[in-house]
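Just structure-v5.pdb here, PDB, C-alpha atoms:
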```
ATOM      1  CA  MET O 106      20.125 -22.561 -20.520
ATOM      2  CA  GLN O 107      20.951 -19.081 -19.276
ATOM      3  CA  LEU O 108      18.885 -17.879 -16.314
ATOM      4  CA  GLU O 109      17.330 -14.437 -16.389
ATOM      5  CA  PRO O 110      19.288 -11.933 -14.299
ATOM      6  CA  ARG O 111      18.157 -11.121 -10.790
ATOM      7  CA  PHE O 112      17.663  -7.560  -9.642
ATOM      8  CA  GLU O 113      17.868  -6.122  -6.149
ATOM      9  CA  VAL O 114      15.560  -3.518  -4.589
ATOM     10  CA  ASP O 115      15.010  -1.895  -1.232
ATOM     11  CA  VAL O 116      11.263  -2.614  -1.240
ATOM     12  CA  LEU O 117       9.168  -5.102  -3.190
ATOM     13  CA  CYS O 118       5.520  -3.961  -3.240
ATOM     14  CA  VAL O 119       2.924  -6.663  -3.882
ATOM     15  CA  GLY O 120      -0.756  -6.055  -4.536
ATOM     16  CA  GLN O 121      -3.027  -3.692  -6.399
ATOM     17  CA  ALA O 122      -2.519  -1.157  -9.161
ATOM     18  CA  SER O 123      -5.454   0.922 -10.352
ATOM     19  CA  PHE O 124      -5.879   3.960 -12.556
ATOM     20  CA  ASP O 125      -7.303   7.020 -10.803
ATOM     21  CA  LEU O 126      -9.581   9.720 -12.195
ATOM     22  CA  THR O 127      -9.553  12.406  -9.491
ATOM     23  CA  MET O 128     -11.982  15.317  -9.719
ATOM     24  CA  SER O 129     -12.027  18.365  -7.429
ATOM     25  CA  VAL O 130     -15.555  19.353  -6.414
ATOM     26  CA  SER O 131     -16.958  22.115  -4.202
ATOM     27  CA  HIS O 132     -19.115  19.689  -2.220
ATOM     28  CA  HIS O 133     -20.244  16.087  -2.185
ATOM     29  CA  PRO O 134     -23.136  15.829  -4.669
ATOM     30  CA  GLY O 135     -26.473  14.699  -3.324
ATOM     31  CA  PRO O 136     -28.989  12.267  -4.879
ATOM     32  CA  ASP O 137     -29.763  13.100  -8.547
ATOM     33  CA  GLU O 138     -27.536  16.186  -8.306
ATOM     34  CA  LYS O 139     -25.168  17.217 -11.081
ATOM     35  CA  CYS O 140     -22.108  19.307 -10.338
ATOM     36  CA  SER O 141     -19.044  20.508 -12.207
ATOM     37  CA  ALA O 142     -15.465  19.609 -11.303
ATOM     38  CA  THR O 143     -12.992  22.447 -10.835
ATOM     39  CA  GLY O 144     -10.025  20.205 -11.666
ATOM     40  CA  LEU O 145      -9.102  16.781 -12.983
ATOM     41  CA  VAL O 146      -6.018  14.639 -12.361
ATOM     42  CA  THR O 147      -5.551  11.299 -14.119
ATOM     43  CA  CYS O 148      -2.750   9.016 -13.004
ATOM     44  CA  GLY O 149      -1.851   5.575 -11.743
ATOM     45  CA  GLY O 150      -2.848   4.539  -8.243
ATOM     46  CA  GLY O 151      -3.456   1.558  -6.001
ATOM     47  CA  PRO O 152      -1.908   0.949  -2.555
ATOM     48  CA  ALA O 153       1.079  -1.206  -3.535
ATOM     49  CA  ALA O 154       1.746   0.640  -6.801
ATOM     50  CA  ASN O 155       1.612   4.033  -5.072
ATOM     51  CA  ALA O 156       4.008   2.768  -2.400
ATOM     52  CA  ALA O 157       6.445   1.553  -5.073
ATOM     53  CA  VAL O 158       6.453   4.965  -6.736
ATOM     54  CA  ALA O 159       6.904   6.666  -3.356
ATOM     55  CA  VAL O 160       9.975   4.537  -2.617
ATOM     56  CA  ALA O 161      11.507   5.407  -5.990
ATOM     57  CA  ARG O 162      10.787   9.136  -5.655
ATOM     58  CA  LEU O 163      12.293   9.157  -2.168
ATOM     59  CA  GLY O 164      15.586   7.887  -3.565
ATOM     60  CA  GLY O 165      15.158   4.176  -2.947
ATOM     61  CA  SER O 166      14.732   1.268  -5.332
ATOM     62  CA  SER O 167      11.454  -0.611  -5.690
ATOM     63  CA  ALA O 168       9.595  -3.229  -7.678
ATOM     64  CA  PHE O 169       5.858  -3.747  -8.087
ATOM     65  CA  ALA O 170       4.224  -7.160  -8.457
ATOM     66  CA  GLY O 171       0.593  -7.227  -9.489
ATOM     67  CA  TYR O 172      -1.784  -7.022 -12.432
ATOM     68  CA  LEU O 173      -2.332  -4.447 -15.169
ATOM     69  CA  GLY O 174      -4.677  -4.851 -18.092
ATOM     70  CA  GLU O 175      -3.708  -4.368 -21.709
ATOM     71  CA  ASP O 176      -6.252  -1.529 -21.976
ATOM     72  CA  ILE O 177      -5.411   2.177 -22.196
ATOM     73  CA  TYR O 178      -5.374   2.564 -18.404
ATOM     74  CA  GLY O 179      -2.921  -0.305 -18.011
ATOM     75  CA  ILE O 180      -0.686   1.112 -20.744
ATOM     76  CA  LYS O 181      -0.625   4.540 -19.092
ATOM     77  CA  HIS O 182      -0.014   3.093 -15.632
ATOM     78  CA  LEU O 183       2.854   0.889 -16.778
ATOM     79  CA  ASP O 184       4.467   3.857 -18.502
ATOM     80  CA  GLU O 185       4.221   5.909 -15.290
ATOM     81  CA  LEU O 186       5.792   3.133 -13.224
ATOM     82  CA  ASN O 187       8.662   2.795 -15.691
ATOM     83  CA  ARG O 188       9.242   6.555 -15.806
ATOM     84  CA  ALA O 189       9.307   6.638 -11.989
ATOM     85  CA  GLY O 190      12.082   4.046 -11.997
ATOM     86  CA  VAL O 191      10.026   1.189 -10.523
ATOM     87  CA  HIS O 192      11.047  -2.313 -11.627
ATOM     88  CA  THR O 193       8.071  -3.671 -13.566
ATOM     89  CA  ASP O 194       9.362  -7.140 -14.496
ATOM     90  CA  LEU O 195       6.962  -8.803 -12.028
ATOM     91  CA  ILE O 196       3.784  -7.259 -13.449
ATOM     92  CA  VAL O 197       1.334  -9.654 -15.126
ATOM     93  CA  ARG O 198      -0.590  -8.266 -18.104
ATOM     94  CA  GLY O 199      -3.895  -9.589 -19.411
ATOM     95  CA  THR O 200      -7.118  -8.844 -21.252
ATOM     96  CA  CYS O 201      -9.137  -8.197 -18.079
ATOM     97  CA  PRO O 202      -9.617  -4.458 -17.445
ATOM     98  CA  THR O 203      -7.239  -2.489 -15.259
ATOM     99  CA  PRO O 204      -8.943  -1.544 -11.950
ATOM    100  CA  LEU O 205     -10.345   1.993 -12.129
ATOM    101  CA  SER O 206     -11.028   4.471  -9.319
ATOM    102  CA  ILE O 207     -13.251   7.546  -9.510
ATOM    103  CA  ILE O 208     -12.269   9.982  -6.740
ATOM    104  CA  LEU O 209     -14.087  13.141  -5.652
ATOM    105  CA  VAL O 210     -11.941  15.536  -3.624
ATOM    106  CA  LYS O 211     -13.576  18.222  -1.498
ATOM    107  CA  PRO O 212     -12.015  21.628  -0.640
ATOM    108  CA  ASP O 213     -10.828  20.387   2.787
ATOM    109  CA  GLY O 214      -8.830  17.580   1.161
ATOM    110  CA  SER O 215     -11.224  14.785   2.157
ATOM    111  CA  ARG O 216     -12.256  12.440  -0.629
ATOM    112  CA  THR O 217     -14.747   9.836  -1.717
ATOM    113  CA  VAL O 218     -13.477   6.838  -3.696
ATOM    114  CA  VAL O 219     -15.427   4.450  -5.925
ATOM    115  CA  ASN O 220     -13.280   1.546  -7.108
ATOM    116  CA  CYS O 221     -14.130  -0.919  -9.869
ATOM    117  CA  LYS O 222     -11.969  -4.048  -9.895
ATOM    118  CA  SER O 223     -14.521  -6.816 -10.424
ATOM    119  CA  GLY O 224     -12.659  -8.113 -13.455
ATOM    120  CA  THR O 225      -9.209  -8.102 -11.871
ATOM    121  CA  PRO O 226      -7.830 -11.656 -11.828
ATOM    122  CA  LEU O 227      -6.278 -13.145  -8.715
ATOM    123  CA  LEU O 228      -2.756 -14.063  -9.750
ATOM    124  CA  HIS O 229      -1.417 -17.546  -9.034
ATOM    125  CA  PRO O 230       2.080 -18.215  -7.655
ATOM    126  CA  ASP O 231       3.261 -19.756 -10.922
ATOM    127  CA  GLN O 232       2.514 -16.488 -12.756
ATOM    128  CA  VAL O 233       5.123 -14.415 -10.895
ATOM    129  CA  ASP O 234       8.764 -15.468 -10.610
ATOM    130  CA  PHE O 235       9.765 -13.838  -7.333
ATOM    131  CA  ALA O 236      13.123 -15.652  -7.475
ATOM    132  CA  ARG O 237      14.237 -13.004  -9.956
ATOM    133  CA  CYS O 238      14.014 -10.273  -7.323
ATOM    134  CA  SER O 239      16.107  -9.801  -4.199
ATOM    135  CA  GLN O 240      14.647  -7.358  -1.668
ATOM    136  CA  ARG O 241      15.287  -5.967   1.804
ATOM    137  CA  VAL O 242      11.622  -5.421   2.676
ATOM    138  CA  ILE O 243       8.394  -6.793   1.205
ATOM    139  CA  LEU O 244       5.290  -4.599   1.462
ATOM    140  CA  PHE O 245       1.916  -6.281   0.925
ATOM    141  CA  ASP O 246      -1.481  -4.618   0.559
ATOM    142  CA  GLY O 247      -3.385  -7.924   0.620
ATOM    143  CA  HIS O 248      -5.139  -7.485  -2.729
ATOM    144  CA  GLN O 249      -3.310 -10.410  -4.343
ATOM    145  CA  PRO O 250      -3.574 -13.068  -1.613
ATOM    146  CA  GLU O 251      -2.719 -16.108  -3.769
ATOM    147  CA  ILE O 252       0.783 -14.825  -4.536
ATOM    148  CA  SER O 253       1.227 -12.963  -1.240
ATOM    149  CA  LEU O 254       0.669 -15.835   1.198
ATOM    150  CA  PRO O 255       3.436 -18.170  -0.046
ATOM    151  CA  LEU O 256       5.773 -15.204  -0.464
ATOM    152  CA  ALA O 257       5.158 -14.112   3.143
ATOM    153  CA  VAL O 258       5.817 -17.637   4.402
ATOM    154  CA  SER O 259       8.995 -17.863   2.336
ATOM    155  CA  ALA O 260      10.134 -14.431   3.529
ATOM    156  CA  ARG O 261       9.764 -15.510   7.163
ATOM    157  CA  GLU O 262      11.905 -18.570   6.475
ATOM    158  CA  ARG O 263      14.537 -16.394   4.754
ATOM    159  CA  ARG O 264      14.331 -13.717   7.486
ATOM    160  CA  ILE O 265      13.273 -10.993   5.072
ATOM    161  CA  THR O 266      11.364  -8.143   6.740
ATOM    162  CA  THR O 267       7.687  -7.985   5.800
ATOM    163  CA  MET O 268       5.032  -5.312   6.182
ATOM    164  CA  LEU O 269       1.265  -5.197   5.624
ATOM    165  CA  ASP O 270      -0.725  -2.165   4.551
ATOM    166  CA  ALA O 271      -4.021  -3.180   6.171
ATOM    167  CA  GLY O 272      -6.528  -0.662   4.845
ATOM    168  CA  SER O 273      -9.664  -2.739   5.246
ATOM    169  CA  VAL O 274     -10.730  -6.214   6.304
ATOM    170  CA  HIS O 275     -10.721  -8.714   3.447
ATOM    171  CA  LYS O 276      -9.289 -12.157   2.707
ATOM    172  CA  GLY O 277      -5.774 -10.933   1.972
ATOM    173  CA  THR O 278      -5.319  -8.701   5.004
ATOM    174  CA  VAL O 279      -6.840 -11.267   7.365
ATOM    175  CA  THR O 280      -4.544 -14.011   6.036
ATOM    176  CA  LEU O 281      -1.391 -11.906   6.135
ATOM    177  CA  THR O 282      -1.886 -10.193   9.506
ATOM    178  CA  PRO O 283      -0.219 -12.935  11.605
ATOM    179  CA  LEU O 284       2.593 -13.460   9.074
ATOM    180  CA  VAL O 285       4.215 -10.015   8.888
ATOM    181  CA  ASP O 286       6.796  -8.207  11.021
ATOM    182  CA  TYR O 287       5.099  -4.801  10.737
ATOM    183  CA  LEU O 288       1.324  -4.445  10.688
ATOM    184  CA  VAL O 289       0.498  -0.885   9.600
ATOM    185  CA  ALA O 290      -3.277  -0.612   9.814
ATOM    186  CA  SER O 291      -5.876   2.049   9.205
ATOM    187  CA  GLU O 292      -8.234   3.016  12.003
ATOM    188  CA  LYS O 293     -11.066   1.347  10.061
ATOM    189  CA  PHE O 294      -9.190  -1.961   9.791
ATOM    190  CA  ALA O 295      -8.202  -1.876  13.451
ATOM    191  CA  ARG O 296     -11.788  -1.397  14.655
ATOM    192  CA  ASP O 297     -13.414  -3.769  12.151
ATOM    193  CA  PHE O 298     -10.867  -6.562  12.594
ATOM    194  CA  THR O 299     -10.777  -6.530  16.383
ATOM    195  CA  GLY O 300     -14.350  -5.423  17.115
ATOM    196  CA  GLU O 301     -12.906  -3.029  19.705
ATOM    197  CA  PRO O 302     -14.719   0.338  19.889
ATOM    198  CA  ASP O 303     -11.749   1.874  21.728
ATOM    199  CA  ILE O 304      -8.753   2.420  19.438
ATOM    200  CA  GLN O 305      -6.296   1.751  22.259
ATOM    201  CA  GLY O 306      -8.028  -1.558  22.868
ATOM    202  CA  ALA O 307      -7.754  -2.321  19.166
ATOM    203  CA  LEU O 308      -4.013  -1.632  19.339
ATOM    204  CA  GLU O 309      -3.637  -4.065  22.227
ATOM    205  CA  ALA O 310      -5.606  -6.729  20.361
ATOM    206  CA  LEU O 311      -3.582  -6.336  17.159
ATOM    207  CA  SER O 312      -0.323  -6.521  19.096
ATOM    208  CA  GLN O 313      -1.258 -10.116  19.895
ATOM    209  CA  ARG O 314      -1.165 -10.838  16.154
ATOM    210  CA  ALA O 315       1.966  -9.042  14.962
ATOM    211  CA  PRO O 316       5.226  -8.080  16.719
ATOM    212  CA  SER O 317       5.080  -4.422  15.647
ATOM    213  CA  VAL O 318       1.772  -2.605  15.112
ATOM    214  CA  VAL O 319       1.055   0.906  13.861
ATOM    215  CA  ILE O 320      -2.466   2.315  13.557
ATOM    216  CA  THR O 321      -2.713   5.438  11.408
ATOM    217  CA  LEU O 322      -5.372   7.943  12.447
ATOM    218  CA  GLY O 323      -5.267  10.549   9.663
ATOM    219  CA  GLU O 324      -5.004  14.091  10.987
ATOM    220  CA  LYS O 325      -4.845  12.662  14.532
ATOM    221  CA  GLY O 326      -1.471  11.044  13.802
ATOM    222  CA  LEU O 327      -0.809   7.457  14.801
ATOM    223  CA  ILE O 328      -0.367   5.073  17.717
ATOM    224  CA  TRP O 329       2.037   2.140  17.902
ATOM    225  CA  LYS O 330       3.111  -0.810  19.992
ATOM    226  CA  ASN O 331       6.050  -3.236  19.781
ATOM    227  CA  GLU O 332       8.787  -4.685  21.981
ATOM    228  CA  GLU O 333      10.119  -1.152  22.599
ATOM    229  CA  GLY O 334       6.859  -0.132  24.247
ATOM    230  CA  THR O 335       3.884   1.870  23.074
ATOM    231  CA  GLY O 336       3.370   5.452  22.001
ATOM    232  CA  ARG O 337       1.647   8.088  19.936
ATOM    233  CA  LEU O 338       2.960  10.365  17.188
ATOM    234  CA  PRO O 339       0.990  13.468  16.154
ATOM    235  CA  ALA O 340       0.445  14.283  12.498
ATOM    236  CA  PHE O 341       2.154  17.250  10.907
ATOM    237  CA  SER O 342      -0.067  20.328  10.869
ATOM    238  CA  ILE O 343      -0.868  21.155   7.244
ATOM    239  CA  GLU O 344      -3.613  22.649   5.118
ATOM    240  CA  ALA O 345      -4.919  19.547   3.370
ATOM    241  CA  LEU O 346      -5.480  19.876  -0.382
ATOM    242  CA  ASP O 347      -6.023  16.224  -1.276
ATOM    243  CA  THR O 348      -5.568  13.210   1.001
ATOM    244  CA  THR O 349      -5.713  10.673  -1.854
ATOM    245  CA  GLY O 350      -2.760   8.293  -1.572
ATOM    246  CA  ALA O 351      -1.417   9.787   1.660
ATOM    247  CA  GLY O 352      -1.662   6.443   3.432
ATOM    248  CA  ASP O 353       0.031   4.657   0.533
ATOM    249  CA  ILE O 354       2.897   7.170   0.647
ATOM    250  CA  PHE O 355       3.211   6.600   4.403
ATOM    251  CA  HIS O 356       3.565   2.854   3.884
ATOM    252  CA  GLY O 357       6.113   3.210   1.101
ATOM    253  CA  ALA O 358       8.223   5.736   3.007
ATOM    254  CA  PHE O 359       8.099   3.679   6.207
ATOM    255  CA  ALA O 360       9.124   0.513   4.345
ATOM    256  CA  LEU O 361      12.023   2.340   2.704
ATOM    257  CA  GLU O 362      13.351   3.635   6.022
ATOM    258  CA  ILE O 363      13.115   0.174   7.549
ATOM    259  CA  ALA O 364      15.041  -1.136   4.535
ATOM    260  CA  ARG O 365      17.656   1.548   5.199
ATOM    261  CA  LYS O 366      18.006   0.277   8.785
ATOM    262  CA  ALA O 367      16.593   3.461  10.306
ATOM    263  CA  SER O 368      15.240   3.299  13.832
ATOM    264  CA  PHE O 369      11.538   2.586  14.273
ATOM    265  CA  HIS O 370      10.801   6.097  15.561
ATOM    266  CA  SER O 371      12.834   7.747  12.811
ATOM    267  CA  ALA O 372      11.004   5.698  10.190
ATOM    268  CA  LEU O 373       7.624   6.769  11.576
ATOM    269  CA  LEU O 374       8.622  10.429  11.541
ATOM    270  CA  PHE O 375       9.968  10.206   7.993
ATOM    271  CA  ALA O 376       6.827   8.439   6.772
ATOM    272  CA  GLY O 377       4.576  10.981   8.480
ATOM    273  CA  ALA O 378       6.425  13.833   6.792
ATOM    274  CA  ALA O 379       6.238  12.171   3.374
ATOM    275  CA  ALA O 380       2.504  11.541   3.769
ATOM    276  CA  ALA O 381       1.893  15.136   4.847
ATOM    277  CA  LEU O 382       3.738  16.452   1.816
TER     278      LEU O 382
END
```
Encoding of this model in structure tokens:
Amino acid sequence: MQLEPRFEVDVLCVGQASFDLTMSVSHHPGPDEKCSATGLVTCGGGPAANAAVAVARLGGSSAFAGYLGEDIYGIKHLDELNRAGVHTDLIVRGTCPTPLSIILVKPDGSRTVVNCKSGTPLLHPDQVDFARCSQRVILFDGHQPEISLPLAVSARERRITTMLDAGSVHKGTVTLTPLVDYLVASEKFARDFTGEPDIQGALEALSQRAPSVVITLGEKGLIWKNEEGTGRLPAFSIEALDTTGAGDIFHGAFALEIARKASFHSALLFAGAAAAL
């Protein structure tokens, strides 16, 4: 029996894909208020899926492993991933709806996100054949913990670099935090997970869990700590139009540079520039 061919990528992104409906509004509507959007963008989203597209658009190779429904949103999202050049062989399709996000973007670029993923199934390890894919870096977002945990353990045994996009505290991010080489956390995750009101204290606490920690702080840049020391990197000064997906782009770009054997500081700078753009 002939085995299916393996493929090789710079970054394998594992986790969530959602379809985004992004509306530009003049202000955040109040209770019982109706307002009109000045613009509408519809496209694929989700932390791991966005990161996979970012890697591909930045000249690297990527694969996405996760779930997409057989509904219209899943069809559109899969088409976008394929057109971007992302390997989609590890995507599981099903009759459950594709996760959907409604996003309101204000004039200063800040946004409000409402995500519906109650019907999204948690994939089991036997549903995704990771042996088909060879990768330099694995980026997790924690939203598919059942397939992510054994893959992270296996990656450590095989000495494959791993990274966690820790946006918020939930089962997947909590489980994966002590298993990855690079913990790239949001300010919200850092404070909620550690219980530290001081962000520097949160950095110290997280550094006891992972060998290399980065905490992203939005327009305030980021702070980091690893065996090289500790430091801070300011954000690029821009006029923000829409911050949706900026963190996902940062994670994808950072993972790609690590896969390319760039230095830690160079990778942070590259990722910050990509996110700003």
Please tell me which residues are no farther than 10 Å from (0.5, 7.2, 16.9) in the file, counting only C-alpha atoms, and write them as a VMD selection string.
-> chain O and resid 319 to 323 325 to 330 335 to 340 373
Go ahead and write the residues just picked, C-alpha atoms, as a PDB file, in the coordinates of the input.
```
ATOM      1  CA  VAL O 319       1.055   0.906  13.861  1.00  0.00           C
ATOM      2  CA  ILE O 320      -2.466   2.315  13.557  1.00  0.00           C
ATOM      3  CA  THR O 321      -2.713   5.438  11.408  1.00  0.00           C
ATOM      4  CA  LEU O 322      -5.372   7.943  12.447  1.00  0.00           C
ATOM      5  CA  GLY O 323      -5.267  10.549   9.663  1.00  0.00           C
ATOM      6  CA  LYS O 325      -4.845  12.662  14.532  1.00  0.00           C
ATOM      7  CA  GLY O 326      -1.471  11.044  13.802  1.00  0.00           C
ATOM      8  CA  LEU O 327      -0.809   7.457  14.801  1.00  0.00           C
ATOM      9  CA  ILE O 328      -0.367   5.073  17.717  1.00  0.00           C
ATOM     10  CA  TRP O 329       2.037   2.140  17.902  1.00  0.00           C
ATOM     11  CA  LYS O 330       3.111  -0.810  19.992  1.00  0.00           C
ATOM     12  CA  THR O 335       3.884   1.870  23.074  1.00  0.00           C
ATOM     13  CA  GLY O 336       3.370   5.452  22.001  1.00  0.00           C
ATOM     14  CA  ARG O 337       1.647   8.088  19.936  1.00  0.00           C
ATOM     15  CA  LEU O 338       2.960  10.365  17.188  1.00  0.00           C
ATOM     16  CA  PRO O 339       0.990  13.468  16.154  1.00  0.00           C
ATOM     17  CA  ALA O 340       0.445  14.283  12.498  1.00  0.00           C
ATOM     18  CA  LEU O 373       7.624   6.769  11.576  1.00  0.00           C
TER      19      LEU O 373
END
```
Quick one: of O:Ser123, O:Ser141, O:Ser253, O:Thr348, who's nearest to Ser206 (chain O), counting all atoms listed in the file?
->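 The closest residue to Ser206 (chain O) is O:Ser123.
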For the PyMOL selection byres ((chain O and resi 354) around 12), applied here, can you spell out every residue it catches as a compact mmCIF listing (two decimals) with C-alpha atoms, in the frame of the given file?
```txt
# COMPACT_ATOMS: atom_id res chain seq x y z
CA GLY O 150 -2.85 4.54 -8.24
CA GLY O 151 -3.46 1.56 -6.00
CA PRO O 152 -1.91 0.95 -2.56
CA ALA O 153 1.08 -1.21 -3.54
CA ALA O 154 1.75 0.64 -6.80
CA ASN O 155 1.61 4.03 -5.07
CA ALA O 156 4.01 2.77 -2.40
CA ALA O 157 6.44 1.55 -5.07
CA VAL O 158 6.45 4.96 -6.74
CA ALA O 159 6.90 6.67 -3.36
CA VAL O 160 9.98 4.54 -2.62
CA ALA O 161 11.51 5.41 -5.99
CA ARG O 162 10.79 9.14 -5.66
CA LEU O 163 12.29 9.16 -2.17
CA ASP O 270 -0.72 -2.16 4.55
CA THR O 348 -5.57 13.21 1.00
CA THR O 349 -5.71 10.67 -1.85
CA GLY O 350 -2.76 8.29 -1.57
CA ALA O 351 -1.42 9.79 1.66
CA GLY O 352 -1.66 6.44 3.43
CA ASP O 353 0.03 4.66 0.53
CA PHE O 355 3.21 6.60 4.40
CA HIS O 356 3.56 2.85 3.88
CA GLY O 357 6.11 3.21 1.10
CA ALA O 358 8.22 5.74 3.01
CA PHE O 359 8.10 3.68 6.21
CA ALA O 360 9.12 0.51 4.34
CA LEU O 361 12.02 2.34 2.70
CA LEU O 373 7.62 6.77 11.58
CA PHE O 375 9.97 10.21 7.99
CA ALA O 376 6.83 8.44 6.77
CA GLY O 377 4.58 10.98 8.48
CA ALA O 378 6.42 13.83 6.79
CA ALA O 379 6.24 12.17 3.37
CA ALA O 380 2.50 11.54 3.77
CA ALA O 381 1.89 15.14 4.85
CA LEU O 382 3.74 16.45 1.82
```
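With all atoms listed in the file as the atoms that count, the residue of O:Ser273, O:Ser129, O:Ser166, O:Ser342 with the shortest distance to Leu209 (chain O) is O:Ser129.
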Give me, please, the distance in Å between CA of Leu145 (chain O) and CA of Leu346 (chain O), quoted to one decimal.
->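 Taking CA of Leu145 (chain O) and CA of Leu346 (chain O), their separation equals 13.5 Å.
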My structure is short of atoms at region 255-269 of chain O; please model N, CA, C and O atoms there, returning them as a compact mmCIF listing (two decimals), in the coordinates of the input.
```txt
# COMPACT_ATOMS: atom_id res chain seq x y z
N PRO O 255 2.20 -17.38 0.00
CA PRO O 255 3.44 -18.17 -0.05
C PRO O 255 4.69 -17.31 0.01
O PRO O 255 5.71 -17.74 0.55
N LEU O 256 4.62 -16.10 -0.52
CA LEU O 256 5.77 -15.20 -0.46
C LEU O 256 6.05 -14.77 0.97
O LEU O 256 7.20 -14.69 1.40
N ALA O 257 4.99 -14.50 1.74
CA ALA O 257 5.16 -14.11 3.14
C ALA O 257 5.75 -15.26 3.96
O ALA O 257 6.62 -15.04 4.81
N VAL O 258 5.29 -16.47 3.70
CA VAL O 258 5.82 -17.64 4.40
C VAL O 258 7.29 -17.83 4.06
O VAL O 258 8.13 -18.07 4.93
N SER O 259 7.61 -17.72 2.78
CA SER O 259 8.99 -17.86 2.34
C SER O 259 9.88 -16.77 2.92
O SER O 259 11.02 -17.03 3.33
N ALA O 260 9.37 -15.54 2.98
CA ALA O 260 10.13 -14.43 3.53
C ALA O 260 10.46 -14.66 5.00
O ALA O 260 11.57 -14.34 5.46
N ARG O 261 9.51 -15.22 5.75
CA ARG O 261 9.76 -15.51 7.16
C ARG O 261 10.88 -16.54 7.30
O ARG O 261 11.76 -16.41 8.16
N GLU O 262 10.86 -17.54 6.44
CA GLU O 262 11.90 -18.57 6.48
C GLU O 262 13.27 -17.99 6.12
O GLU O 262 14.30 -18.41 6.66
N ARG O 263 13.28 -17.00 5.20
CA ARG O 263 14.54 -16.39 4.75
C ARG O 263 14.92 -15.16 5.58
O ARG O 263 15.89 -14.49 5.29
N ARG O 264 14.10 -14.85 6.59
CA ARG O 264 14.33 -13.72 7.49
C ARG O 264 14.36 -12.39 6.74
O ARG O 264 15.17 -11.50 7.03
N ILE O 265 13.45 -12.26 5.78
CA ILE O 265 13.27 -10.99 5.07
C ILE O 265 12.14 -10.23 5.75
O ILE O 265 11.08 -10.79 6.04
N THR O 266 12.36 -8.97 6.05
CA THR O 266 11.36 -8.14 6.74
C THR O 266 10.12 -7.97 5.88
O THR O 266 10.21 -7.67 4.68
N THR O 267 8.95 -8.14 6.52
CA THR O 267 7.69 -7.98 5.80
C THR O 267 6.79 -6.97 6.49
O THR O 267 6.87 -6.75 7.70
N MET O 268 5.91 -6.37 5.69
CA MET O 268 5.03 -5.31 6.18
C MET O 268 3.68 -5.43 5.48
O MET O 268 3.62 -5.80 4.31
N LEU O 269 2.61 -5.15 6.20
CA LEU O 269 1.26 -5.20 5.62
C LEU O 269 0.59 -3.85 5.74
O LEU O 269 0.48 -3.29 6.83
```
